[in-house]
Structures are given as structure tokens and as C-alpha cells.
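Engineer: Structure file query-v7.txt, compact mmCIF, C-alpha atoms and all ligand atoms, is pasted below:
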```
# COMPACT_ATOMS: atom_id res chain seq x y z
CA MET A 1 -14.52 22.23 15.85
CA TYR A 2 -12.08 19.69 14.39
CA ASP A 3 -10.77 20.08 10.88
CA VAL A 4 -10.89 16.29 10.49
CA VAL A 5 -12.13 13.30 12.48
CA THR A 6 -10.67 10.03 11.22
CA PHE A 7 -12.18 6.52 11.38
CA GLY A 8 -10.58 3.15 10.64
CA SER A 9 -8.28 0.67 12.30
CA ALA A 10 -5.52 1.18 14.85
CA THR A 11 -2.90 -1.56 14.72
CA TRP A 12 0.41 -2.53 16.22
CA ASP A 13 2.67 -3.44 13.28
CA PHE A 14 5.65 -5.78 13.54
CA PHE A 15 8.09 -5.62 10.64
CA LEU A 16 10.21 -8.72 10.10
CA ASP A 17 13.08 -8.49 7.60
CA LEU A 18 13.61 -11.92 6.09
CA GLU A 19 16.49 -13.44 4.22
CA ASP A 20 15.95 -17.16 4.68
CA PHE A 21 12.91 -17.90 2.49
CA ARG A 22 11.93 -18.95 -1.01
CA VAL A 23 9.35 -17.63 -3.40
CA ILE A 24 7.51 -20.55 -5.02
CA GLU A 25 5.43 -20.07 -8.15
CA ASN A 26 2.19 -21.96 -7.89
CA GLU A 27 -1.27 -21.32 -9.32
CA ASP A 28 -2.89 -22.28 -6.00
CA PHE A 29 -1.78 -18.92 -4.58
CA VAL A 30 -4.08 -16.01 -5.50
CA THR A 31 -1.05 -13.98 -6.57
CA GLY A 32 0.55 -16.95 -8.36
CA GLU A 33 3.47 -16.90 -5.88
CA GLY A 34 3.91 -18.08 -2.33
CA LEU A 35 6.40 -17.08 0.36
CA CYS A 36 7.86 -20.31 1.82
CA PHE A 37 9.95 -21.41 4.80
CA ASN A 38 11.24 -24.77 5.94
CA LEU A 39 8.49 -26.48 7.93
CA GLY A 40 9.52 -27.58 11.41
CA SER A 41 12.73 -25.55 11.54
CA LYS A 42 13.83 -22.28 13.09
CA VAL A 43 14.01 -19.43 10.58
CA GLU A 44 16.41 -16.61 11.38
CA ILE A 45 15.14 -13.06 10.99
CA GLU A 46 17.52 -10.26 9.99
CA ASP A 47 15.79 -7.43 11.79
CA ILE A 48 12.58 -6.72 13.69
CA SER A 49 10.91 -3.39 14.44
CA PHE A 50 7.46 -2.26 15.50
CA PHE A 51 5.40 0.84 14.90
CA SER A 52 1.83 1.97 15.21
CA GLY A 53 -0.22 1.49 12.06
CA GLY A 54 -3.78 1.12 10.88
CA GLY A 55 -5.45 3.40 8.35
CA GLY A 56 -7.49 5.45 10.84
CA THR A 57 -4.44 6.48 12.84
CA ASN A 58 -2.08 6.75 9.85
CA VAL A 59 -4.20 9.39 8.14
CA ALA A 60 -4.62 11.23 11.47
CA ALA A 61 -0.80 11.45 11.64
CA THR A 62 -0.64 13.24 8.29
CA PHE A 63 -3.40 15.69 9.22
CA SER A 64 -1.69 16.50 12.50
CA ASN A 65 1.74 16.89 10.83
CA GLN A 66 0.09 19.34 8.45
CA GLY A 67 -1.13 21.52 11.30
CA LEU A 68 -4.81 20.53 11.20
CA GLU A 69 -6.94 19.89 14.32
CA VAL A 70 -7.59 16.16 14.20
CA ALA A 71 -9.25 13.51 16.35
CA TYR A 72 -9.22 9.75 15.83
CA CYS A 73 -12.38 7.78 16.60
CA GLY A 74 -11.73 4.05 16.82
CA GLY A 75 -11.17 1.02 19.02
CA VAL A 76 -8.15 -0.61 20.64
CA GLY A 77 -7.83 -3.40 23.22
CA LYS A 78 -7.25 -2.92 26.97
CA ASP A 79 -3.66 -4.03 26.59
CA PHE A 80 -0.10 -2.83 26.19
CA ALA A 81 -0.40 -2.14 22.45
CA GLY A 82 -3.65 -0.20 22.93
CA LYS A 83 -2.06 2.01 25.60
CA GLU A 84 1.05 2.50 23.50
CA ILE A 85 -0.98 3.51 20.44
CA VAL A 86 -2.94 6.11 22.44
CA GLU A 87 0.33 7.54 23.79
CA ILE A 88 1.84 7.74 20.31
CA LEU A 89 -1.24 9.53 18.97
CA GLU A 90 -1.16 12.01 21.86
CA GLU A 91 2.53 12.71 21.31
CA ARG A 92 1.63 13.49 17.72
CA GLY A 93 -1.02 15.99 18.80
CA ILE A 94 -3.98 13.83 17.76
CA VAL A 95 -7.05 14.01 20.03
CA THR A 96 -7.70 10.55 21.54
CA ASP A 97 -10.85 11.32 23.59
CA TYR A 98 -12.93 9.14 21.23
CA VAL A 99 -10.70 6.06 21.32
CA GLN A 100 -12.60 3.19 22.96
CA GLN A 101 -10.69 0.53 24.87
CA PHE A 102 -12.42 -2.83 24.56
CA GLU A 103 -11.87 -5.88 26.78
CA GLU A 104 -13.39 -8.50 24.47
CA LYS A 105 -10.53 -8.49 21.97
CA VAL A 106 -6.89 -7.45 21.99
CA THR A 107 -5.58 -4.59 19.82
CA ASN A 108 -5.26 -5.29 16.08
CA ARG A 109 -1.82 -6.56 15.18
CA SER A 110 -0.09 -7.06 11.86
CA VAL A 111 3.08 -8.91 11.04
CA ILE A 112 4.63 -7.45 7.91
CA LEU A 113 7.12 -9.74 6.21
CA THR A 114 9.54 -7.75 4.12
CA SER A 115 12.66 -8.47 2.18
CA GLU A 116 14.68 -6.25 -0.09
CA GLY A 117 13.36 -6.38 -3.62
CA GLN A 118 10.30 -8.46 -2.71
CA GLU A 119 6.63 -7.56 -2.32
CA ARG A 120 5.68 -7.46 1.35
CA THR A 121 3.26 -10.02 2.81
CA ILE A 122 0.99 -8.97 5.68
CA LEU A 123 -0.43 -11.32 8.31
CA ALA A 124 -3.29 -9.33 9.82
CA TYR A 125 -5.19 -9.97 13.05
CA ARG A 126 -8.43 -8.04 13.23
CA GLY A 127 -8.91 -7.31 16.90
CA ALA A 128 -10.57 -4.57 18.91
CA SER A 129 -10.87 -2.05 16.05
CA GLU A 130 -13.85 -3.87 14.60
CA LEU A 131 -15.75 -3.77 17.91
CA LEU A 132 -16.61 -0.09 17.52
CA THR A 133 -20.34 0.28 16.96
CA GLU A 134 -22.73 3.14 16.35
CA ASP A 135 -23.47 3.19 20.10
CA ASN A 136 -19.82 3.79 21.12
CA ILE A 137 -19.45 6.83 18.87
CA PRO A 138 -19.98 10.10 20.79
CA TRP A 139 -21.66 11.72 17.78
CA GLU A 140 -22.39 15.11 19.36
CA ALA A 141 -18.72 15.60 20.30
CA LEU A 142 -17.46 14.98 16.76
CA GLU A 143 -18.01 18.48 15.43
CA ALA A 144 -15.86 18.52 12.33
CA LYS A 145 -15.43 19.97 8.87
CA TRP A 146 -14.36 16.60 7.44
CA PHE A 147 -14.70 12.91 8.29
CA TYR A 148 -11.96 10.72 6.74
CA LEU A 149 -12.97 7.07 6.48
CA ALA A 150 -9.86 4.94 6.08
CA PRO A 151 -10.73 1.31 5.27
CA LEU A 152 -13.24 0.06 7.88
CA SER A 153 -12.18 -3.55 7.66
CA GLY A 154 -14.10 -6.62 8.79
CA LYS A 155 -17.15 -5.98 10.95
CA LEU A 156 -16.25 -2.30 11.35
CA GLY A 157 -17.65 -1.83 7.83
CA ARG A 158 -21.16 -2.07 9.36
CA ILE A 159 -21.01 1.54 10.57
CA THR A 160 -20.05 3.06 7.20
CA GLU A 161 -23.52 4.18 6.29
CA GLN A 162 -24.29 5.63 9.73
CA ILE A 163 -21.11 7.73 9.61
CA VAL A 164 -21.78 8.98 6.10
CA ASP A 165 -25.45 9.73 6.87
CA TYR A 166 -24.52 11.60 10.03
CA ALA A 167 -22.02 13.64 8.00
CA ALA A 168 -24.58 14.47 5.32
CA GLN A 169 -27.11 15.62 7.94
CA ASN A 170 -24.53 17.77 9.74
CA ASN A 171 -22.70 19.41 6.85
CA VAL A 172 -19.52 17.39 7.35
CA LYS A 173 -17.57 16.57 4.19
CA VAL A 174 -16.60 12.93 3.72
CA ALA A 175 -13.40 11.40 2.32
CA PHE A 176 -13.94 7.67 1.75
CA ASN A 177 -11.26 5.03 1.12
CA PRO A 178 -13.26 1.78 1.17
CA GLY A 179 -11.69 -1.51 2.26
CA SER A 180 -12.42 -4.89 0.73
CA SER A 181 -15.46 -5.72 2.88
CA GLN A 182 -16.96 -2.31 2.11
CA LEU A 183 -16.45 -2.82 -1.64
CA GLU A 184 -18.73 -5.84 -1.29
CA PHE A 185 -21.72 -3.78 -0.10
CA GLU A 186 -24.80 -4.43 -2.20
CA GLN A 187 -25.25 -1.93 -5.00
CA GLY A 188 -28.11 0.06 -3.42
CA LYS A 189 -26.23 0.62 -0.18
CA MET A 190 -23.03 1.55 -2.03
CA ASN A 191 -24.91 4.05 -4.18
CA ARG A 192 -26.51 5.68 -1.12
CA ILE A 193 -23.03 6.08 0.41
CA LEU A 194 -21.26 7.32 -2.72
CA GLU A 195 -23.78 10.08 -3.37
CA LYS A 196 -22.70 11.68 -0.05
CA VAL A 197 -18.94 11.48 -0.65
CA GLU A 198 -16.74 14.51 -1.39
CA VAL A 199 -13.48 12.61 -2.05
CA LEU A 200 -13.43 8.93 -3.04
CA ILE A 201 -10.02 7.24 -2.80
CA LEU A 202 -9.39 3.94 -4.59
CA ASN A 203 -6.37 2.06 -5.87
CA GLN A 204 -6.49 0.36 -9.29
CA GLU A 205 -7.81 -2.96 -8.02
CA GLU A 206 -10.48 -1.25 -5.93
CA ALA A 207 -11.58 0.96 -8.85
CA ALA A 208 -11.86 -2.16 -11.04
CA GLN A 209 -13.84 -4.00 -8.35
CA LEU A 210 -16.23 -1.09 -7.76
CA THR A 211 -17.00 -0.56 -11.44
CA GLY A 212 -16.59 -4.06 -12.84
CA LEU A 213 -14.25 -2.59 -15.49
CA SER A 214 -10.61 -3.34 -16.19
CA TYR A 215 -8.37 -0.73 -14.55
CA GLU A 216 -6.74 0.28 -17.83
CA LYS A 217 -10.08 1.75 -18.95
CA GLU A 218 -9.60 4.99 -17.01
CA GLN A 219 -12.07 7.15 -18.94
CA ALA A 220 -14.82 4.52 -18.64
CA ILE A 221 -14.08 3.92 -14.95
CA PHE A 222 -14.34 7.60 -14.08
CA LYS A 223 -17.46 8.14 -16.19
CA LYS A 224 -19.11 5.36 -14.22
CA ILE A 225 -17.87 6.55 -10.82
CA ASP A 226 -18.78 10.18 -11.57
CA ARG A 227 -22.41 9.15 -12.14
CA LEU A 228 -22.51 7.59 -8.65
CA CYS A 229 -20.35 10.06 -6.73
CA PRO A 230 -20.71 13.84 -7.05
CA GLY A 231 -17.31 14.46 -5.45
CA VAL A 232 -13.75 14.05 -6.63
CA ALA A 233 -12.71 10.47 -7.48
CA ILE A 234 -9.13 9.24 -7.18
CA MET A 235 -7.43 6.14 -8.55
CA THR A 236 -3.89 5.60 -7.25
CA LYS A 237 -1.71 3.47 -9.50
CA GLY A 238 1.30 2.59 -7.34
CA ALA A 239 4.52 3.16 -9.29
CA ARG A 240 2.48 4.70 -12.13
CA GLY A 241 1.22 7.63 -10.06
CA VAL A 242 -2.37 8.74 -9.78
CA VAL A 243 -5.36 9.92 -11.79
CA VAL A 244 -8.15 12.10 -10.39
CA SER A 245 -11.53 13.13 -11.79
CA ASP A 246 -13.61 16.15 -10.80
CA GLY A 247 -16.44 15.09 -13.10
CA SER A 248 -15.35 17.25 -16.02
CA HIS A 249 -11.57 16.76 -16.20
CA LEU A 250 -9.01 14.06 -15.50
CA TYR A 251 -5.82 15.10 -13.71
CA HIS A 252 -2.78 12.85 -14.15
CA GLY A 253 -0.03 13.01 -11.55
CA ASP A 254 3.34 11.35 -12.12
CA PRO A 255 4.98 9.51 -9.24
CA LEU A 256 8.21 10.97 -7.84
CA PRO A 257 11.37 8.90 -7.86
CA ALA A 258 11.48 7.01 -4.57
CA ASP A 259 14.06 5.03 -2.67
CA ILE A 260 11.51 2.55 -1.44
CA VAL A 261 12.09 1.01 1.97
CA ASP A 262 8.55 -0.08 2.87
CA LYS A 263 5.23 0.34 1.06
CA THR A 264 3.04 0.19 4.17
CA GLY A 265 0.87 3.29 4.39
CA ALA A 266 1.32 4.42 0.76
CA GLY A 267 -2.44 4.63 0.15
CA ASP A 268 -3.11 6.32 3.51
CA SER A 269 -0.37 8.91 3.06
CA PHE A 270 -1.52 9.75 -0.45
CA GLY A 271 -5.21 10.07 0.52
CA SER A 272 -4.60 12.18 3.62
CA GLY A 273 -2.04 14.35 1.81
CA PHE A 274 -4.52 14.92 -1.02
CA VAL A 275 -7.33 15.89 1.36
CA THR A 276 -5.01 18.29 3.23
CA GLY A 277 -4.06 19.95 -0.07
CA LEU A 278 -7.73 20.26 -1.00
CA ILE A 279 -8.63 21.74 2.43
CA GLU A 280 -5.80 24.26 2.12
CA THR A 281 -6.26 25.41 -1.47
CA GLN A 282 -9.40 23.78 -2.99
CA GLU A 283 -7.11 22.87 -5.91
CA ILE A 284 -6.99 19.31 -7.17
CA GLY A 285 -3.55 19.85 -8.73
CA TYR A 286 -2.08 20.89 -5.38
CA GLY A 287 -3.88 18.01 -3.64
CA ILE A 288 -2.15 15.60 -6.01
CA GLN A 289 1.23 17.22 -5.43
CA LEU A 290 0.94 17.08 -1.64
CA GLY A 291 -0.46 13.52 -1.79
CA VAL A 292 2.31 12.19 -4.03
CA ALA A 293 5.06 13.93 -2.05
CA ASN A 294 3.65 12.64 1.26
CA ALA A 295 3.34 9.09 -0.12
CA THR A 296 6.89 9.19 -1.47
CA ALA A 297 8.19 10.39 1.91
CA CYS A 298 6.30 7.52 3.60
CA LEU A 299 7.74 4.92 1.18
CA GLU A 300 11.27 5.97 2.04
CA GLU A 301 10.96 4.95 5.70
CA LYS A 302 9.84 1.79 7.43
CA GLY A 303 6.49 2.13 9.25
CA ALA A 304 3.31 3.76 8.00
CA LYS A 305 3.69 6.98 10.03
CA ASN A 306 7.42 7.52 9.64
CA GLY A 307 8.78 9.99 7.13
CA LEU A 308 5.45 11.79 6.59
CA LEU A 309 5.87 15.43 5.56
CA GLU A 310 5.62 18.24 8.10
CA SER A 311 3.61 21.39 7.34
CA GLU A 312 6.52 23.78 6.80
CA GLN A 313 8.64 21.24 4.94
CA GLN A 314 9.53 22.04 1.33
CA PHE A 315 8.68 19.21 -1.06
CA ARG A 316 9.22 18.37 -4.69
CA LYS A 317 6.03 18.98 -6.69
CA THR A 318 5.15 16.42 -9.30
CA LYS A 319 3.89 17.39 -12.75
CA VAL A 320 0.08 17.31 -13.09
CA GLU A 321 -1.58 17.21 -16.53
CA ARG A 322 -5.23 17.94 -17.14
CA GLU A 323 -7.47 16.62 -19.92
CA SER A 324 -11.21 16.84 -20.58
CA LEU A 325 -13.27 13.85 -19.58
N1 LIG B 401 6.66 2.04 -6.46
C1 LIG B 401 6.31 3.32 -6.29
N2 LIG B 401 7.08 4.32 -6.75
C2 LIG B 401 6.74 5.62 -6.59
N3 LIG B 401 5.59 6.02 -5.96
C3 LIG B 401 4.78 5.06 -5.48
C4 LIG B 401 5.09 3.66 -5.61
N4 LIG B 401 4.11 2.95 -5.02
C5 LIG B 401 3.22 3.86 -4.54
N5 LIG B 401 3.62 5.12 -4.82
C6 LIG B 401 2.91 6.38 -4.46
O1 LIG B 401 1.90 6.09 -3.49
C7 LIG B 401 0.58 6.32 -4.03
C8 LIG B 401 -0.37 5.28 -3.51
O2 LIG B 401 0.11 3.99 -3.86
P1 LIG B 401 -0.81 2.75 -4.24
O3 LIG B 401 -1.58 3.02 -5.47
O4 LIG B 401 0.07 1.56 -4.23
O5 LIG B 401 -1.84 2.73 -3.01
P2 LIG B 401 -2.55 1.50 -2.27
O6 LIG B 401 -2.62 0.32 -3.18
O7 LIG B 401 -3.82 2.02 -1.71
O8 LIG B 401 -1.55 1.23 -1.10
P3 LIG B 401 -1.83 0.48 0.27
O9 LIG B 401 -1.22 -0.85 0.05
O10 LIG B 401 -1.10 1.33 1.24
O11 LIG B 401 -3.32 0.43 0.50
C9 LIG B 401 0.79 6.32 -5.53
O12 LIG B 401 -0.21 7.09 -6.17
C10 LIG B 401 2.19 6.92 -5.68
O13 LIG B 401 2.14 8.33 -5.59
MG MG B 402 -5.12 1.30 -0.10
```
As C-alpha cells, what does this structure read like?
Structural biologist:
Amino acid sequence: MYDVVTFGSATWDFFLDLEDFRVIENEDFVTGEGLCFNLGSKVEIEDISFFSGGGGTNVAATFSNQGLEVAYCGGVGKDFAGKEIVEILEERGIVTDYVQQFEEKVTNRSVILTSEGQERTILAYRGASELLTEDNIPWEALEAKWFYLAPLSGKLGRITEQIVDYAAQNNVKVAFNPGSSQLEFEQGKMNRILEKVEVLILNQEEAAQLTGLSYEKEQAIFKKIDRLCPGVAIMTKGARGVVVSDGSHLYHGDPLPADIVDKTGAGDSFGSGFVTGLIETQEIGYGIQLGVANATACLEEKGAKNGLLESEQQFRKTKVERESL
């Protein structure tokens, strides 16, 4: 019996450190700013590195580091990156028996453009990860206490309801961190999913999108989410920490000071750290402390799986305050 089976993407991430670029303010960009290079010229890159990424495998790395029995169920391509990812997962003690290697598409790849002091920009290719279907999942073999659904992006989102239904029928607890395509599910489908979720993980934008409320309205957001989801609901707030609801109280966790090198994997490392803390102690306060410390450790190294805490490692515990909802 696994402690956790994780679902979500497996990617090969290239990090490019840029110096030779300009940020142009322009309303035509969704964020109001664009990252620009000279067209038709060669742009020098300061540094390049590559690591395995993708939510499904990132969260598996935390669970394994924390001493839990974990398997990843997802798809890669029949290519170099796919083989490399499987090897990395095995070296980390993650069971890879349920990784499917597809021929139709190559492994997901992301190019992450970073520069000191700037937001990162991600160019994402959705490859083999989205080819996983209900039929390629060896359901009977996935005996687990928890399923962790990292964002199932693109077409992979189709299998969300099957996974959650299977979990509900087989007494498996579900942690759910929906991606953008999943947040667009029609209301009825979303409600059917949320009522089977034990831990719902959202960032501010996702919480606002799910509820149709502005993210400053924390009380109202959680009252709405708590009606739809019987479990614990989390809203991570980047540099402003995190707030969690158990349906009767709100728990506020401060961020820890961080020497940020790379934000990739912040959400994954928080969510998986939180779920580990909950599995170990059933205490939301401890879940927040382990989640924040794991996310901070991840931010301080480049690559979504680097820096993650190990199970025996001491960590600084953030202050958690509780108020009635
Ligand atoms: N600038 C920061 N300073 C300190 N801690 C941070 C910072 N950014 C993120 N964190 C930590 O990481 C957690 C998750 O971050 P965030 O809310 O940005 O997740 P996210 O938007 O889901 O990230 P991702 O882009 O990985 O999906 C936060 O709750 C916080 O503990
Ligand atoms: Mg996220």
C-alpha cells in the first residue's frame, strides 16, 4: 500500500539565465509587460541548466524525501528526456511502475527564462503527459492512502473526475491542486469533484477564479469554498504566506525570509509539504509549517526538486495564527 500516488505532468525543464533583454510595458500583454529581445540577432545567455520538473513528479519528490512510500502515475515520451526523468525518479526512491512511455508525442519540456530581480517567464510544451487516459491507469495496482493531483494541464484534465471518483469509492483521500484547464470545468462537474476532496490547494488567482471573488476577500472566499468542499482549503499568497480553512477556523501562516533563486515549484513544494505534515500529525498548523519551510527551501535553489527538505532535517517553523471563520 502506497502512502501517496501522485498524478500530473513530468517535464524536462531548461533554465536560461538572461542578461541581454528589455522589459517593455504595453497593455497588449496580459501582465502589462513583455520580455523582449532583438529580432533577427543572436542573444547571449549567461547560464543554462536543466532539471526534471512537472507538478506530478515534483510533489512525489517531497513525499519521498519525507520518508513516505510514493508512486508517480503519469506519461512521458519514448525519448531521452523520458528515460532521464524515470531514472531521476528511481534514484529518488519514487516507484515508476505506472509511468507510461508514449510514442505519439515527446516528453513535456519547459524553457524557463530567468533573470535576477525579474519575474520568470515559462515557455511550456505540453507533450506526452497529456496522453495518459483512464485506460492506461492500472487502477487495481494503485492501492494508496492518498492521491495527490498536481495540476493536470491541457487534455490530461479529462481524467480528473475518474481519479477522484475512484478514490471516493476506494477510501483514498484526495489532495487537489487544479490547473487552469481544470478551473474551467463547468460548475456541476467542479462541484462533484470538490465534494470528494480532502485538501484543496489554490493560489490567490486560482481561489479568485474558482469563487468569482476578489482574492482580498479571504473570509468570503473560504465561506464559499467550504460549502463546496468538506475538506481543508488552502490559499497560498506568494510572498504574503498562506491561509488555510478547516471549515470552522482560518489559519494564517507567515512566509519565512527567503533568498530567492528560482520560484519554480513553490506551489508544489508547499502543497506536498502541507499534505506530509497532515499525514504525520493531522494538525493543520504543522502542515503549514512544513509546507512553508519546504517551499522556502525550494525557492533558494534553482530547479523545482532541488533544495527540498529531507525527513530528518531541522527546519524553521513559521508562526501560525488561528481565528474563527
Ligand atoms: N517571494 C516569496 N517569499 C517567501 N515565500 C514565498 C515567496 N513566494 C512563494 N513563497 C512560499 O511558497 C508558497 C507558495 O507560493 P505561491 O503562492 O506563489 O504558489 P503558486 O502560485 O502556486 O506557485 P507556482 O507558480 O509554483 O504554481 C507560499 O505560500 C510561500 O510560503
Ligand atoms: Mg501553483
Engineer: In terms of the shortest atom-to-atom distance over all atoms listed in the file, which of A:Thr281, A:Glu104, A:Gly54, A:Ser248 is closest to ligand MG 402 (chain B)?
Structural biologist: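 Closest candidate: A:Gly54.
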Engineer: Restricting the calculation to only C-alpha atoms, which member of A:Gln209, A:Ser41, A:Ser245, A:Ser269 is positioned closest to Lys305 (chain A)?
Structural biologist: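 The answer is A:Ser269, which sits nearest to Lys305 (chain A).
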Engineer: Which residues are close to Gln219 (chain A), i.e. within 12 Å by all atoms listed in the file, leaving aside same-chain residues fewer than 6 positions away? Reply as JSON, numbers by chain.
Structural biologist: {"A": [207, 211, 213, 225, 226, 233, 235, 243, 244, 245, 247, 248, 249, 250, 251, 252, 323, 324, 325]}
Engineer: Of the residues A:Asn171, A:Asn177, A:Thr11, A:Thr6, which is the one nearest to ligand MG 402 (chain B), using all atoms listed in the file?
Structural biologist: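 Of the candidates, the smallest distance to ligand MG 402 (chain B) is held by A:Asn177.
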Engineer: Take CA of Gly277 (chain A) and CA of Leu290 (chain A) and report the distance between them in Å, one decimal.
Structural biologist: 6.0 Å
Engineer: Please identify the residues whose atoms come within 9 Å of ligand LIG 401 (chain B), using only C-alpha atoms and all ligand atoms, and report them as a ChimeraX atom specification.
Structural biologist: /A:55,151,177,179,201-206,235-243,253-260,263-271,288-289,291-296,298-299,304
Engineer: Skipping near chain neighbours, those fewer than 4 positions away, what residues fall within 7 Å of Cys229 (chain A) using all atoms listed in the file, listed as number ranges by chain?
Structural biologist: A: 194-195, 197, 225
Engineer: For the selection just defined, write its residues with C-alpha atoms to a file, as an mmCIF file, in the frame of the given file.
Structural biologist:
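The new file again.cif reads:
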```
data_model
loop_
_atom_site.group_PDB
_atom_site.id
_atom_site.type_symbol
_atom_site.label_atom_id
_atom_site.label_comp_id
_atom_site.auth_asym_id
_atom_site.auth_seq_id
_atom_site.Cartn_x
_atom_site.Cartn_y
_atom_site.Cartn_z
ATOM 1 C CA LEU A 194 -21.260 7.320 -2.720
ATOM 2 C CA GLU A 195 -23.780 10.080 -3.370
ATOM 3 C CA VAL A 197 -18.940 11.480 -0.650
ATOM 4 C CA ILE A 225 -17.870 6.550 -10.820
#
```
Engineer: Which residue is closest to ligand MG 402 (chain B)? Choose from A:Glu27, A:Gly67, A:Ala141, A:Asn58 and count only C-alpha atoms and all ligand atoms.
Structural biologist: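 With only C-alpha atoms and all ligand atoms as the atom set, the closest residue is A:Asn58.
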Engineer: What does the structure give for the distance between CA of Ser115 (chain A) and CA of Val261 (chain A), in Å to one decimal?
Structural biologist: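 Taking CA of Ser115 (chain A) and CA of Val261 (chain A), their separation equals 9.5 Å.
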Engineer: Pick out the residues sitting within 12 Å of Thr276 (chain A), and hand them over as a VMD selection string; count only C-alpha atoms, and ignore anything fewer than 5 positions along from it in its own chain.
Structural biologist: chain A and resid 3 to 4 59 to 70 145 to 146 148 175 199 269 to 271 281 to 284 286 to 292 294 309 to 311
Engineer: Excluding Arg192 (chain A) and any residue of its chain fewer than 4 positions from it, enumerate the residues within 10 Å of it, using all atoms listed in the file, and give them as a list in words.
Structural biologist: Glu161, Val164, Asp165, Gln187, Gly188, Lys196, Val197, Leu228 and Cys229 of chain A
Engineer: How many Å separate CA of Val30 (chain A) from CA of Glu184 (chain A)?
Structural biologist: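 Pair CA of Val30 (chain A) / CA of Glu184 (chain A) returns 18.3 Å.
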Engineer: Would you please work out which residue, of A:Ile85, A:Leu123, A:Ile159, A:Val275, is nearest to Lys173 (chain A) when using only C-alpha atoms?
Structural biologist: A:Val275
Engineer: Give the answer as one residue: which of A:Gly285, A:Gly8, A:Gly303, A:Gly82 has the shortest atom-to-atom distance to Thr318 (chain A), using all atoms listed in the file?
Structural biologist: A:Gly285
Engineer: Got a sec to check which residues sit within 8 Å of (-12.9, -7.6, 13.3), counting only C-alpha atoms, and write them as a list in words?
Structural biologist: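 So the residues meeting the distance criterion are Arg126, Gly127, Ala128, Ser129, Glu130, Leu131, Ser153, Gly154, Lys155 and Leu156 of chain A.
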Engineer: Generate the coordinates of N, CA, C and O atoms for region 252-266 of chain A; report them as a JSON list (two decimals), keeping the file's coordinate frame.
Structural biologist:
```json
[["chain", "number", "residue", "atom", "x", "y", "z"],
["A", 252, "HIS", "N", -3.76, 13.93, -14.27],
["A", 252, "HIS", "CA", -2.78, 12.85, -14.15],
["A", 252, "HIS", "C", -1.57, 13.34, -13.39],
["A", 252, "HIS", "O", -0.97, 14.35, -13.77],
["A", 253, "GLY", "N", -1.22, 12.64, -12.32],
["A", 253, "GLY", "CA", -0.03, 13.01, -11.55],
["A", 253, "GLY", "C", 1.02, 11.92, -11.66],
["A", 253, "GLY", "O", 0.73, 10.74, -11.42],
["A", 254, "ASP", "N", 2.24, 12.32, -12.06],
["A", 254, "ASP", "CA", 3.34, 11.35, -12.12],
["A", 254, "ASP", "C", 3.80, 10.99, -10.72],
["A", 254, "ASP", "O", 3.70, 11.82, -9.81],
["A", 255, "PRO", "N", 4.35, 9.79, -10.53],
["A", 255, "PRO", "CA", 4.98, 9.51, -9.24],
["A", 255, "PRO", "C", 6.30, 10.27, -9.17],
["A", 255, "PRO", "O", 6.79, 10.75, -10.19],
["A", 256, "LEU", "N", 6.86, 10.40, -7.97],
["A", 256, "LEU", "CA", 8.21, 10.97, -7.84],
["A", 256, "LEU", "C", 9.17, 9.80, -7.66],
["A", 256, "LEU", "O", 8.78, 8.75, -7.15],
["A", 257, "PRO", "N", 10.41, 9.98, -8.09],
["A", 257, "PRO", "CA", 11.37, 8.90, -7.86],
["A", 257, "PRO", "C", 11.48, 8.62, -6.36],
["A", 257, "PRO", "O", 11.51, 9.56, -5.57],
["A", 258, "ALA", "N", 11.47, 7.34, -6.01],
["A", 258, "ALA", "CA", 11.48, 7.01, -4.57],
["A", 258, "ALA", "C", 12.48, 5.91, -4.29],
["A", 258, "ALA", "O", 12.61, 4.97, -5.07],
["A", 259, "ASP", "N", 13.17, 6.06, -3.17],
["A", 259, "ASP", "CA", 14.06, 5.03, -2.67],
["A", 259, "ASP", "C", 13.24, 4.18, -1.71],
["A", 259, "ASP", "O", 13.20, 4.45, -0.52],
["A", 260, "ILE", "N", 12.54, 3.20, -2.25],
["A", 260, "ILE", "CA", 11.51, 2.55, -1.44],
["A", 260, "ILE", "C", 12.09, 1.62, -0.38],
["A", 260, "ILE", "O", 12.88, 0.73, -0.69],
["A", 261, "VAL", "N", 11.68, 1.86, 0.87],
["A", 261, "VAL", "CA", 12.09, 1.01, 1.97],
["A", 261, "VAL", "C", 10.93, 0.11, 2.39],
["A", 261, "VAL", "O", 11.09, -1.07, 2.66],
["A", 262, "ASP", "N", 9.72, 0.67, 2.38],
["A", 262, "ASP", "CA", 8.55, -0.08, 2.87],
["A", 262, "ASP", "C", 7.29, 0.58, 2.33],
["A", 262, "ASP", "O", 7.11, 1.78, 2.49],
["A", 263, "LYS", "N", 6.43, -0.21, 1.70],
["A", 263, "LYS", "CA", 5.23, 0.34, 1.06],
["A", 263, "LYS", "C", 4.05, 0.55, 2.01],
["A", 263, "LYS", "O", 3.03, 1.12, 1.63],
["A", 264, "THR", "N", 4.18, 0.08, 3.25],
["A", 264, "THR", "CA", 3.04, 0.19, 4.17],
["A", 264, "THR", "C", 2.65, 1.65, 4.36],
["A", 264, "THR", "O", 3.49, 2.49, 4.67],
["A", 265, "GLY", "N", 1.36, 1.92, 4.17],
["A", 265, "GLY", "CA", 0.87, 3.29, 4.39],
["A", 265, "GLY", "C", 0.89, 4.16, 3.14],
["A", 265, "GLY", "O", 0.52, 5.33, 3.22],
["A", 266, "ALA", "N", 1.26, 3.61, 1.99],
["A", 266, "ALA", "CA", 1.32, 4.42, 0.76],
["A", 266, "ALA", "C", -0.05, 5.02, 0.45],
["A", 266, "ALA", "O", -0.19, 6.23, 0.21]]
```
